[in-house]
$ cat protein-v6.pdb   # PDB, C-alpha atoms
MODEL        1
ATOM      1  CA  MET A 204      56.199  69.355   8.359  1.00  0.00           C
ATOM      2  CA  GLU A 205      60.000  69.300   8.105  1.00  0.00           C
ATOM      3  CA  ILE A 206      59.762  68.081   4.511  1.00  0.00           C
ATOM      4  CA  TYR A 207      57.437  70.987   3.704  1.00  0.00           C
ATOM      5  CA  LYS A 208      59.903  73.483   5.174  1.00  0.00           C
ATOM      6  CA  GLU A 209      62.825  72.035   3.225  1.00  0.00           C
ATOM      7  CA  GLU A 210      60.919  71.877  -0.082  1.00  0.00           C
ATOM      8  CA  SER A 211      59.584  75.407   0.440  1.00  0.00           C
ATOM      9  CA  ARG A 212      63.094  76.672   1.128  1.00  0.00           C
ATOM     10  CA  LEU A 213      64.360  75.007  -2.070  1.00  0.00           C
ATOM     11  CA  ILE A 214      61.540  76.497  -4.147  1.00  0.00           C
ATOM     12  CA  LYS A 215      62.179  79.961  -2.713  1.00  0.00           C
ATOM     13  CA  ASN A 216      65.904  79.623  -3.474  1.00  0.00           C
ATOM     14  CA  LEU A 217      65.118  78.612  -7.069  1.00  0.00           C
ATOM     15  CA  LEU A 218      62.815  81.609  -7.464  1.00  0.00           C
ATOM     16  CA  LYS A 219      65.405  83.873  -5.891  1.00  0.00           C
ATOM     17  CA  ASP A 220      67.906  82.742  -8.540  1.00  0.00           C
ATOM     18  CA  ASN A 221      65.288  83.366 -11.267  1.00  0.00           C
ATOM     19  CA  PRO A 222      63.780  86.800 -10.526  1.00  0.00           C
ATOM     20  CA  ARG A 223      61.744  86.801 -13.767  1.00  0.00           C
ATOM     21  CA  GLY A 224      59.915  83.728 -12.463  1.00  0.00           C
ATOM     22  CA  LEU A 225      59.511  80.066 -13.275  1.00  0.00           C
ATOM     23  CA  ILE A 226      56.627  77.843 -14.284  1.00  0.00           C
ATOM     24  CA  VAL A 227      55.687  74.725 -12.320  1.00  0.00           C
ATOM     25  CA  THR A 228      57.259  72.379 -14.892  1.00  0.00           C
ATOM     26  CA  ASP A 229      60.637  74.152 -14.706  1.00  0.00           C
ATOM     27  CA  ILE A 230      60.661  74.056 -10.906  1.00  0.00           C
ATOM     28  CA  SER A 231      59.638  70.397 -10.965  1.00  0.00           C
ATOM     29  CA  LYS A 232      62.489  69.473 -13.327  1.00  0.00           C
ATOM     30  CA  LYS A 233      65.102  71.435 -11.382  1.00  0.00           C
ATOM     31  CA  MET A 234      64.041  69.891  -8.073  1.00  0.00           C
ATOM     32  CA  GLY A 235      63.368  66.393  -9.362  1.00  0.00           C
ATOM     33  CA  ILE A 236      59.927  66.372  -7.742  1.00  0.00           C
ATOM     34  CA  ASN A 237      56.523  65.482  -9.159  1.00  0.00           C
ATOM     35  CA  ARG A 238      54.859  68.455 -10.896  1.00  0.00           C
ATOM     36  CA  ASN A 239      51.634  68.116  -8.839  1.00  0.00           C
ATOM     37  CA  THR A 240      53.597  68.176  -5.594  1.00  0.00           C
ATOM     38  CA  VAL A 241      55.445  71.310  -6.669  1.00  0.00           C
ATOM     39  CA  ALA A 242      52.112  72.935  -7.596  1.00  0.00           C
ATOM     40  CA  LYS A 243      50.783  72.230  -4.085  1.00  0.00           C
ATOM     41  CA  TYR A 244      53.887  73.710  -2.438  1.00  0.00           C
ATOM     42  CA  LEU A 245      53.628  76.778  -4.670  1.00  0.00           C
ATOM     43  CA  GLU A 246      49.986  77.259  -3.757  1.00  0.00           C
ATOM     44  CA  ILE A 247      50.823  77.098  -0.051  1.00  0.00           C
ATOM     45  CA  LEU A 248      53.644  79.605  -0.566  1.00  0.00           C
ATOM     46  CA  ARG A 249      51.312  81.858  -2.572  1.00  0.00           C
ATOM     47  CA  ILE A 250      48.589  81.787   0.090  1.00  0.00           C
ATOM     48  CA  SER A 251      51.134  82.586   2.805  1.00  0.00           C
ATOM     49  CA  GLY A 252      52.426  85.527   0.756  1.00  0.00           C
ATOM     50  CA  HIS A 253      55.934  84.222   0.023  1.00  0.00           C
ATOM     51  CA  VAL A 254      55.317  83.727  -3.689  1.00  0.00           C
ATOM     52  CA  GLU A 255      53.304  85.600  -6.289  1.00  0.00           C
ATOM     53  CA  MET A 256      51.773  84.158  -9.420  1.00  0.00           C
ATOM     54  CA  GLU A 257      51.126  85.841 -12.737  1.00  0.00           C
ATOM     55  CA  SER A 258      49.270  84.266 -15.652  1.00  0.00           C
ATOM     56  CA  VAL A 259      51.119  84.585 -18.955  1.00  0.00           C
ATOM     57  CA  GLY A 260      48.929  83.034 -21.625  1.00  0.00           C
ATOM     58  CA  THR A 261      48.064  79.586 -20.329  1.00  0.00           C
ATOM     59  CA  ALA A 262      51.151  79.385 -18.101  1.00  0.00           C
ATOM     60  CA  LYS A 263      51.340  80.391 -14.459  1.00  0.00           C
ATOM     61  CA  VAL A 264      54.645  82.083 -13.683  1.00  0.00           C
ATOM     62  CA  TYR A 265      55.731  82.093 -10.042  1.00  0.00           C
ATOM     63  CA  PHE A 266      58.218  84.487  -8.475  1.00  0.00           C
ATOM     64  CA  LEU A 267      59.211  85.608  -4.985  1.00  0.00           C
ATOM     65  CA  SER A 268      57.100  88.285  -3.349  1.00  0.00           C
ATOM     66  CA  GLN A 269      58.709  91.589  -2.550  1.00  0.00           C
ATOM     67  CA  ARG A 270      57.931  91.766   1.152  1.00  0.00           C
ATOM     68  CA  ILE A 271      58.631  94.263   3.880  1.00  0.00           C
ATOM     69  CA  PRO A 272      58.683  92.697   7.340  1.00  0.00           C
ATOM     70  CA  VAL A 273      55.569  93.667   9.269  1.00  0.00           C
ATOM     71  CA  SER A 274      57.658  94.247  12.389  1.00  0.00           C
ATOM     72  CA  THR A 275      59.439  97.072  10.570  1.00  0.00           C
ATOM     73  CA  LEU A 276      56.173  98.808   9.739  1.00  0.00           C
ATOM     74  CA  LEU A 277      54.446  98.339  13.093  1.00  0.00           C
ATOM     75  CA  ASP A 278      56.490 100.906  14.966  1.00  0.00           C
ATOM     76  CA  PHE A 279      55.904 103.607  12.349  1.00  0.00           C
ATOM     77  CA  SER A 280      52.138 103.467  12.793  1.00  0.00           C
ATOM     78  CA  SER A 281      50.259 106.039  14.831  1.00  0.00           C
ATOM     79  CA  TYR A 282      47.822 103.270  15.867  1.00  0.00           C
ATOM     80  CA  ASN A 283      48.178 100.663  18.588  1.00  0.00           C
ATOM     81  CA  ILE A 284      48.777  97.371  16.772  1.00  0.00           C
ATOM     82  CA  VAL A 285      48.807  93.907  18.326  1.00  0.00           C
ATOM     83  CA  VAL A 286      49.101  90.577  16.469  1.00  0.00           C
ATOM     84  CA  ILE A 287      47.509  87.651  18.322  1.00  0.00           C
ATOM     85  CA  ASP A 288      47.435  83.912  17.612  1.00  0.00           C
ATOM     86  CA  SER A 289      44.406  81.630  17.938  1.00  0.00           C
ATOM     87  CA  GLU A 290      45.277  80.922  21.592  1.00  0.00           C
ATOM     88  CA  HIS A 291      45.106  84.690  22.364  1.00  0.00           C
ATOM     89  CA  LYS A 292      48.888  84.877  22.759  1.00  0.00           C
ATOM     90  CA  ILE A 293      50.542  88.091  21.597  1.00  0.00           C
ATOM     91  CA  ILE A 294      52.915  87.424  18.709  1.00  0.00           C
ATOM     92  CA  GLN A 295      53.887  91.052  18.016  1.00  0.00           C
ATOM     93  CA  ALA A 296      53.009  94.488  19.329  1.00  0.00           C
ATOM     94  CA  ASN A 297      54.222  97.930  18.381  1.00  0.00           C
ATOM     95  CA  ASP A 298      55.805 100.486  20.710  1.00  0.00           C
ATOM     96  CA  ARG A 299      52.551 102.444  21.057  1.00  0.00           C
ATOM     97  CA  SER A 300      50.761  99.350  22.359  1.00  0.00           C
ATOM     98  CA  ALA A 301      53.504  98.732  24.910  1.00  0.00           C
ATOM     99  CA  GLU A 302      53.174 102.330  26.075  1.00  0.00           C
ATOM    100  CA  LEU A 303      49.393 101.957  26.289  1.00  0.00           C
ATOM    101  CA  VAL A 304      49.590  99.006  28.681  1.00  0.00           C
ATOM    102  CA  ASN A 305      52.703 100.391  30.385  1.00  0.00           C
ATOM    103  CA  ILE A 306      54.694  97.177  29.918  1.00  0.00           C
ATOM    104  CA  PRO A 307      58.026  96.904  28.043  1.00  0.00           C
ATOM    105  CA  LYS A 308      57.473  95.555  24.522  1.00  0.00           C
ATOM    106  CA  LYS A 309      59.719  92.524  25.039  1.00  0.00           C
ATOM    107  CA  GLU A 310      57.603  91.476  28.053  1.00  0.00           C
ATOM    108  CA  ILE A 311      54.340  91.574  26.096  1.00  0.00           C
ATOM    109  CA  THR A 312      55.277  88.944  23.512  1.00  0.00           C
ATOM    110  CA  ASP A 313      54.117  85.372  24.268  1.00  0.00           C
ATOM    111  CA  ARG A 314      51.649  86.530  26.933  1.00  0.00           C
ATOM    112  CA  ARG A 315      47.900  86.213  26.553  1.00  0.00           C
ATOM    113  CA  ILE A 316      46.059  89.384  25.543  1.00  0.00           C
ATOM    114  CA  ASP A 317      43.540  88.970  28.355  1.00  0.00           C
ATOM    115  CA  ASP A 318      46.391  88.757  30.914  1.00  0.00           C
ATOM    116  CA  ILE A 319      47.804  92.037  29.608  1.00  0.00           C
ATOM    117  CA  LEU A 320      44.512  93.916  29.354  1.00  0.00           C
ATOM    118  CA  ILE A 321      42.541  92.283  32.200  1.00  0.00           C
ATOM    119  CA  SER A 322      42.810  95.272  34.514  1.00  0.00           C
ATOM    120  CA  MET A 323      41.986  97.673  31.667  1.00  0.00           C
ATOM    121  CA  LEU A 324      38.995  95.939  30.089  1.00  0.00           C
ATOM    122  CA  SER A 325      35.666  97.256  31.282  1.00  0.00           C
ATOM    123  CA  ASN A 326      33.981  94.167  29.780  1.00  0.00           C
ATOM    124  CA  ARG A 327      34.940  90.828  28.187  1.00  0.00           C
ATOM    125  CA  THR A 328      33.715  91.550  24.651  1.00  0.00           C
ATOM    126  CA  LEU A 329      37.240  91.869  23.214  1.00  0.00           C
ATOM    127  CA  ILE A 330      38.052  88.198  23.820  1.00  0.00           C
ATOM    128  CA  GLU A 331      34.737  87.139  22.274  1.00  0.00           C
ATOM    129  CA  LYS A 332      35.348  89.431  19.280  1.00  0.00           C
ATOM    130  CA  ILE A 333      38.870  88.021  18.785  1.00  0.00           C
ATOM    131  CA  ASP A 334      37.369  84.523  18.606  1.00  0.00           C
ATOM    132  CA  GLU A 335      34.745  85.795  16.173  1.00  0.00           C
ATOM    133  CA  GLY A 336      37.470  87.564  14.142  1.00  0.00           C
ATOM    134  CA  LEU A 337      39.223  84.236  13.621  1.00  0.00           C
ATOM    135  CA  LYS A 338      36.160  83.043  11.690  1.00  0.00           C
ATOM    136  CA  VAL A 339      34.991  86.069   9.676  1.00  0.00           C
ATOM    137  CA  LYS A 340      36.536  88.688   7.393  1.00  0.00           C
ATOM    138  CA  GLU A 341      36.995  91.826   9.470  1.00  0.00           C
ATOM    139  CA  LEU A 342      35.247  93.327  12.481  1.00  0.00           C
ATOM    140  CA  VAL A 343      35.204  96.888  13.739  1.00  0.00           C
ATOM    141  CA  GLU A 344      34.393  97.346  17.414  1.00  0.00           C
ATOM    142  CA  ILE A 345      34.480 100.189  19.883  1.00  0.00           C
ATOM    143  CA  LEU A 346      36.630  98.910  22.728  1.00  0.00           C
ATOM    144  CA  ASP A 347      36.444 100.638  26.073  1.00  0.00           C
ATOM    145  CA  LEU A 348      39.574 100.539  28.217  1.00  0.00           C
ATOM    146  CA  ILE A 349      40.302 102.069  31.575  1.00  0.00           C
ATOM    147  CA  ILE A 350      43.631 103.883  31.283  1.00  0.00           C
ATOM    148  CA  LYS A 351      45.000 105.714  34.322  1.00  0.00           C
ATOM    149  CA  ASN A 352      41.545 105.558  35.957  1.00  0.00           C
ATOM    150  CA  GLU A 353      39.936 107.170  32.919  1.00  0.00           C
ATOM    151  CA  LEU A 354      37.521 105.465  30.532  1.00  0.00           C
ATOM    152  CA  CYS A 355      38.889 105.616  26.968  1.00  0.00           C
ATOM    153  CA  PHE A 356      37.319 104.430  23.739  1.00  0.00           C
ATOM    154  CA  PHE A 357      39.255 102.773  20.932  1.00  0.00           C
ATOM    155  CA  LYS A 358      37.934 102.082  17.454  1.00  0.00           C
ATOM    156  CA  THR A 359      39.364  98.608  17.005  1.00  0.00           C
ATOM    157  CA  LYS A 360      39.685  96.718  13.729  1.00  0.00           C
ATOM    158  CA  ILE A 361      39.960  92.988  14.249  1.00  0.00           C
ATOM    159  CA  ILE A 362      41.508  91.541  11.101  1.00  0.00           C
ATOM    160  CA  PRO A 363      41.929  87.793  10.509  1.00  0.00           C
ATOM    161  CA  SER A 364      45.589  86.980   9.822  1.00  0.00           C
ATOM    162  CA  THR A 365      47.542  83.957   8.659  1.00  0.00           C
ATOM    163  CA  PHE A 366      51.106  83.432   9.856  1.00  0.00           C
ATOM    164  CA  ASP A 367      54.028  81.999   7.885  1.00  0.00           C
ATOM    165  CA  ASP A 368      53.434  78.565   9.409  1.00  0.00           C
ATOM    166  CA  GLY A 369      49.803  78.600   8.214  1.00  0.00           C
ATOM    167  CA  GLU A 370      48.334  79.159  11.683  1.00  0.00           C
ATOM    168  CA  ALA A 371      45.424  81.565  12.095  1.00  0.00           C
ATOM    169  CA  GLY A 372      45.357  84.655  14.252  1.00  0.00           C
ATOM    170  CA  VAL A 373      44.089  88.217  14.312  1.00  0.00           C
ATOM    171  CA  THR A 374      45.601  91.659  14.118  1.00  0.00           C
ATOM    172  CA  LEU A 375      44.128  94.394  16.295  1.00  0.00           C
ATOM    173  CA  ILE A 376      44.491  97.945  15.017  1.00  0.00           C
ATOM    174  CA  MET A 377      43.312 100.321  17.717  1.00  0.00           C
ATOM    175  CA  GLU A 378      42.687 104.069  17.356  1.00  0.00           C
ATOM    176  CA  ASN A 379      41.942 106.203  20.409  1.00  0.00           C
ATOM    177  CA  ILE A 380      38.702 108.064  19.682  1.00  0.00           C
ATOM    178  CA  THR A 381      38.116 109.377  23.202  1.00  0.00           C
TER
ENDMDL
END

$ encode --input "protein-v6.pdb" --output "C-alpha cells"
Amino acid sequence: MEIYKEESRLIKNLLKDNPRGLIVTDISKKMGINRNTVAKYLEILRISGHVEMESVGTAKVYFLSQRIPVSTLLDFSSYNIVVIDSEHKIIQANDRSAELVNIPKKEITDRRIDDILISMLSNRTLIEKIDEGLKVKELVEILDLIIKNELCFFKTKIIPSTFDDGEAGVTLIMENIT
C-alpha cells in the first residue's frame, strides 16, 4: 500500500507540472515504470476522482481533477449531511447535523452513527438501509427521528461513496419534511 501511495503521489506531481495532460507512455518514461503498471495506477486515481481522462484520437490524456474539498461544501448546505464508512463510523458531518443531534461537530467524528442517533431513532431501519446503501446505487428513505420529544420526518438519500483510500461508505443527505 505504501508503494501505491508513493507512485500515486509521483503521478499526481507529474500531472500537476503538465496541466495540459500526459499520456500513459509519457508518464511511464518520466517515472521509469512499466507502462501497464502506470495505466493501473492511473485507473485507480481516475476512479477515486484524483485524475480525469480525455480521449484525443486513439490516445488517452490524463490530467489532475479540479476538485473542491467536500468538507468546504458541507457546511454551506441547508441539508443535514453525514459521511459514514462501512463500519458505520462517522467520517464527516456538517454543522447542521451537529446541531440536529446537539453534539459538537468535533465530537461526532469517529463515532458510530447508531451511537449518535440511538436515542433519536424510532426504529432500526437506518442501520439496515446504510448496509443496503453500501451495495446498491442510491436509496431514498423517510427516516423518523425523535427530536426534543417530537417525532420528525427526514427524507434521507443514502448515497454509496468511495473514499480516497478506496474504502466504501455512504453519504446521508437528510431533509426535514415534518

$ closest_atom_pairs --input "protein-v6.pdb" --of "region 207-280 of chain A" --to "region 347-371 of chain A" --cutoff "10 Å" --atoms "only C-alpha atoms" --output "CSV"
residue,atom,partner,partner_atom,distance
A:Lys208,CA,A:Asp368,CA,9.3
A:Ile247,CA,A:Gly369,CA,8.5
A:Leu248,CA,A:Asp367,CA,8.8
A:Ile250,CA,A:Gly369,CA,8.8
A:Ser251,CA,A:Asp367,CA,5.9
A:Gly252,CA,A:Asp367,CA,8.1
A:His253,CA,A:Asp367,CA,8.4

$ write_last_selection --input "protein-v6.pdb" --atoms "C-alpha atoms" --output "short mmCIF file (atom, residue, chain, number, x, y, z; two decimals), in the coordinates of the input"
data_model
loop_
_atom_site.label_atom_id
_atom_site.label_comp_id
_atom_site.auth_asym_id
_atom_site.auth_seq_id
_atom_site.Cartn_x
_atom_site.Cartn_y
_atom_site.Cartn_z
CA LYS A 208 59.90 73.48 5.17
CA ILE A 247 50.82 77.10 -0.05
CA LEU A 248 53.64 79.60 -0.57
CA ILE A 250 48.59 81.79 0.09
CA SER A 251 51.13 82.59 2.80
CA GLY A 252 52.43 85.53 0.76
CA HIS A 253 55.93 84.22 0.02
#

$ residues_near_point --input "protein-v6.pdb" --point "(60.9, 75.8, 2.8)" --cutoff "12 Å" --atoms "all atoms listed in the file" --output "JSON, numbers by chain"
{"A": [204, 205, 206, 207, 208, 209, 210, 211, 212, 213, 214, 215, 216, 217, 218, 241, 244, 245, 247, 248, 251, 253, 254, 367, 368]}

$ atom_distance --input "protein-v6.pdb" --atom1 "CA of Glu331 (chain A)" --atom2 "CA of Asp298 (chain A)"
25.0 Å

$ atom_distance --input "protein-v6.pdb" --atom1 "CA of Lys219 (chain A)" --atom2 "CA of Glu255 (chain A)"
12.2 Å

$ closest_residue --input "protein-v6.pdb" --among "A:Asn283, A:Thr381, A:Ser268, A:Ser231" --to "Leu303 (chain A)" --atoms "all atoms listed in the file"
A:Asn283

$ closest_residue --input "protein-v6.pdb" --among "A:Met256, A:Val304, A:Ile293, A:Leu329" --to "Glu344 (chain A)" --atoms "all atoms listed in the file"
A:Leu329

$ resolve_selection --input "protein-v6.pdb" --expression "the PyMOL selection byres ((chain A and resi 299) around 8)" --output "ChimeraX atom specification"
/A:278,281-284,297-298,300-303

$ atom_distance --input "protein-v6.pdb" --atom1 "CA of Pro307 (chain A)" --atom2 "CA of Thr374 (chain A)"
19.4 Å

$ residues_around --input "protein-v6.pdb" --residues "Ile333 (chain A)" --least-positions-apart "6" --cutoff "10 Å" --atoms "only C-alpha atoms" --output "ChimeraX atom specification"
/A:287-291,316,342,361-363,372-375

$ resolve_selection --input "protein-v6.pdb" --expression "the PyMOL selection byres ((chain A and resi 258-262) around 12)" --output "PDB file with C-alpha atoms, keeping the file's coordinate frame"
ATOM      1  CA  GLY A 224      59.915  83.728 -12.463  1.00  0.00           C
ATOM      2  CA  LEU A 225      59.511  80.066 -13.275  1.00  0.00           C
ATOM      3  CA  ILE A 226      56.627  77.843 -14.284  1.00  0.00           C
ATOM      4  CA  VAL A 227      55.687  74.725 -12.320  1.00  0.00           C
ATOM      5  CA  THR A 228      57.259  72.379 -14.892  1.00  0.00           C
ATOM      6  CA  ASP A 229      60.637  74.152 -14.706  1.00  0.00           C
ATOM      7  CA  GLU A 255      53.304  85.600  -6.289  1.00  0.00           C
ATOM      8  CA  MET A 256      51.773  84.158  -9.420  1.00  0.00           C
ATOM      9  CA  GLU A 257      51.126  85.841 -12.737  1.00  0.00           C
ATOM     10  CA  LYS A 263      51.340  80.391 -14.459  1.00  0.00           C
ATOM     11  CA  VAL A 264      54.645  82.083 -13.683  1.00  0.00           C
ATOM     12  CA  TYR A 265      55.731  82.093 -10.042  1.00  0.00           C
ATOM     13  CA  PHE A 266      58.218  84.487  -8.475  1.00  0.00           C
TER      14      PHE A 266
END

$ closest_residue --input "protein-v6.pdb" --among "A:Asp317, A:Asp220, A:Glu335, A:Arg249" --to "Lys233 (chain A)" --atoms "only C-alpha atoms"
A:Asp220

$ axis_aligned_box --input "protein-v6.pdb" --around "region 290-295 of chain A" --padding-each-side "6 Å" --output "AutoDock Vina command-line options"
--center_x 49.5 --center_y 86.0 --center_z 20.4 --size_x 20.8 --size_y 22.1 --size_z 16.7

$ closest_residue --input "protein-v6.pdb" --among "A:Thr328, A:Gln295, A:Asn221, A:Thr240" --to "Glu310 (chain A)" --atoms "all atoms listed in the file"
A:Gln295
